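Below is one structure, written out as structure tokens, with a few remarks after it.
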Amino acid sequence: MSEIHPFPEDHNEPELYEIRIKGHLDDRWASWFGGLSITREDNGDTLLTDPVIDQSALYGLLKKVRDLGLHLLSVNNETYQYHSNLGDIS
């Protein structure tokens with residue numbers, strides 16, 4: 001019996017992560033975080049969005065959040081949601 005996997009099996013592709021922190025960051029921090037996207041939300045949070053190649057790179061980003069003393073609210077892998085919105089996953 002074969003298994004059905006709803007997600008892509010290619011683990012070499014970067015995965016899209018959203019890191020939510022409390023407070024607003026200036027755009028100048030984008031280069032310090034490796035060029036990721038910074039979105040300041042109306043509720044006062046900042047959303048850092050970046051394709052991450054592996055777990056080690058993700059931990060590196062989280063270490064930078066910690067080193068700045070930022071209040072981490074959440075970390076979400078949005079890869080599958082992103083692909084679903086594009087129609088890549090049935």
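For the structure tokens, the naming scheme is as follows: chains receive sequential letters (A, B, ...) according to their order of presentation, residues are indexed from 1 within each chain, and ligands are indexed from 1 in presentation order.
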
Using only C-alpha atoms, which residues sit within 12 Å of A:Leu68 once same-chain residues fewer than 6 positions away are excluded, as an MDAnalysis selection string? chainID A and resid 21 25 29 32:33 61:62

Polymer residues at most 10 Å from A:Ile53, only C-alpha atoms, same-chain spacing of 2 or more positions, as a VMD selection string: chain A and resid 11 to 16 50 to 51 55 to 58

Where in stretch 17-74 of chain A does DSSP assign strand (DSSP E or B), given as number ranges by chain? A: 17-22, 37-40, 45-52, 72-74

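In terms of minimum interatomic distance to A:Arg20, A:Ser74 ranks closest within A:Ser74, A:Tyr59, A:Thr79, A:Arg40, counting only C-alpha atoms.
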
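The set of residues in stretch 8-80 of chain A assigned to alpha helix (DSSP H) by DSSP, using only backbone atoms of this structure, is A:Trp29, A:Ala30, A:Ser31, A:Trp32, A:Gln55, A:Ser56, A:Ala57, A:Leu58, A:Tyr59, A:Gly60, A:Leu61, A:Leu62, A:Lys63, A:Lys64, A:Val65, A:Arg66, A:Asp67, A:Thr79, A:Tyr80.
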
Saved selection, atoms kept: N, CA and C atoms, as a JSON list (two decimals), in the first residue's frame:
```
[["chain", "number", "residue", "atom", "x", "y", "z"],
["A", 29, "TRP", "N", 17.55, 47.11, 9.86],
["A", 29, "TRP", "CA", 17.87, 45.81, 10.43],
["A", 29, "TRP", "C", 17.79, 44.69, 9.40],
["A", 30, "ALA", "N", 17.19, 44.95, 8.25],
["A", 30, "ALA", "CA", 17.04, 43.91, 7.21],
["A", 30, "ALA", "C", 18.39, 43.33, 6.81],
["A", 31, "SER", "N", 19.40, 44.17, 6.63],
["A", 31, "SER", "CA", 20.71, 43.66, 6.22],
["A", 31, "SER", "C", 21.35, 42.85, 7.35],
["A", 32, "TRP", "N", 21.15, 43.26, 8.61],
["A", 32, "TRP", "CA", 21.70, 42.51, 9.73],
["A", 32, "TRP", "C", 21.07, 41.12, 9.82],
["A", 55, "GLN", "N", 17.26, 24.01, 9.16],
["A", 55, "GLN", "CA", 17.01, 24.32, 10.56],
["A", 55, "GLN", "C", 18.16, 25.11, 11.19],
["A", 56, "SER", "N", 19.37, 24.83, 10.76],
["A", 56, "SER", "CA", 20.52, 25.57, 11.29],
["A", 56, "SER", "C", 20.41, 27.06, 10.97],
["A", 57, "ALA", "N", 20.00, 27.38, 9.76],
["A", 57, "ALA", "CA", 19.82, 28.78, 9.38],
["A", 57, "ALA", "C", 18.68, 29.42, 10.17],
["A", 58, "LEU", "N", 17.61, 28.66, 10.42],
["A", 58, "LEU", "CA", 16.50, 29.17, 11.22],
["A", 58, "LEU", "C", 16.98, 29.51, 12.63],
["A", 59, "TYR", "N", 17.75, 28.60, 13.23],
["A", 59, "TYR", "CA", 18.27, 28.86, 14.57],
["A", 59, "TYR", "C", 19.20, 30.06, 14.59],
["A", 60, "GLY", "N", 19.92, 30.28, 13.49],
["A", 60, "GLY", "CA", 20.77, 31.47, 13.39],
["A", 60, "GLY", "C", 19.95, 32.75, 13.43],
["A", 61, "LEU", "N", 18.80, 32.76, 12.72],
["A", 61, "LEU", "CA", 17.92, 33.93, 12.76],
["A", 61, "LEU", "C", 17.34, 34.14, 14.17],
["A", 62, "LEU", "N", 16.95, 33.04, 14.80],
["A", 62, "LEU", "CA", 16.38, 33.14, 16.14],
["A", 62, "LEU", "C", 17.44, 33.61, 17.15],
["A", 63, "LYS", "N", 18.69, 33.22, 16.93],
["A", 63, "LYS", "CA", 19.78, 33.68, 17.79],
["A", 63, "LYS", "C", 19.94, 35.20, 17.67],
["A", 64, "LYS", "N", 19.79, 35.73, 16.46],
["A", 64, "LYS", "CA", 19.89, 37.17, 16.27],
["A", 64, "LYS", "C", 18.75, 37.89, 17.00],
["A", 65, "VAL", "N", 17.55, 37.32, 16.95],
["A", 65, "VAL", "CA", 16.41, 37.90, 17.68],
["A", 65, "VAL", "C", 16.74, 37.93, 19.17],
["A", 66, "ARG", "N", 17.28, 36.84, 19.67],
["A", 66, "ARG", "CA", 17.65, 36.76, 21.08],
["A", 66, "ARG", "C", 18.75, 37.77, 21.43],
["A", 67, "ASP", "N", 19.78, 37.84, 20.57],
["A", 67, "ASP", "CA", 20.91, 38.73, 20.84],
["A", 67, "ASP", "C", 20.50, 40.20, 20.89],
["A", 79, "THR", "N", 5.54, 27.61, 4.42],
["A", 79, "THR", "CA", 5.86, 27.03, 3.12],
["A", 79, "THR", "C", 4.65, 26.36, 2.49],
["A", 80, "TYR", "N", 4.00, 25.48, 3.22],
["A", 80, "TYR", "CA", 2.90, 24.71, 2.65],
["A", 80, "TYR", "C", 1.68, 25.59, 2.39]]
```

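Using only C-alpha atoms, the shortest contact distance between A:Tyr17 and any of A:Gly44, A:Gly35, A:Thr49, A:His71 is found at A:Thr49.
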
Å distance separating atom CA of A:Thr39 from atom CA of A:His24, one decimal place: 8.6 Å

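Reported to one decimal place, the separation of atom CA of A:Asn43 from atom CA of A:Glu18 is 16.1 Å.
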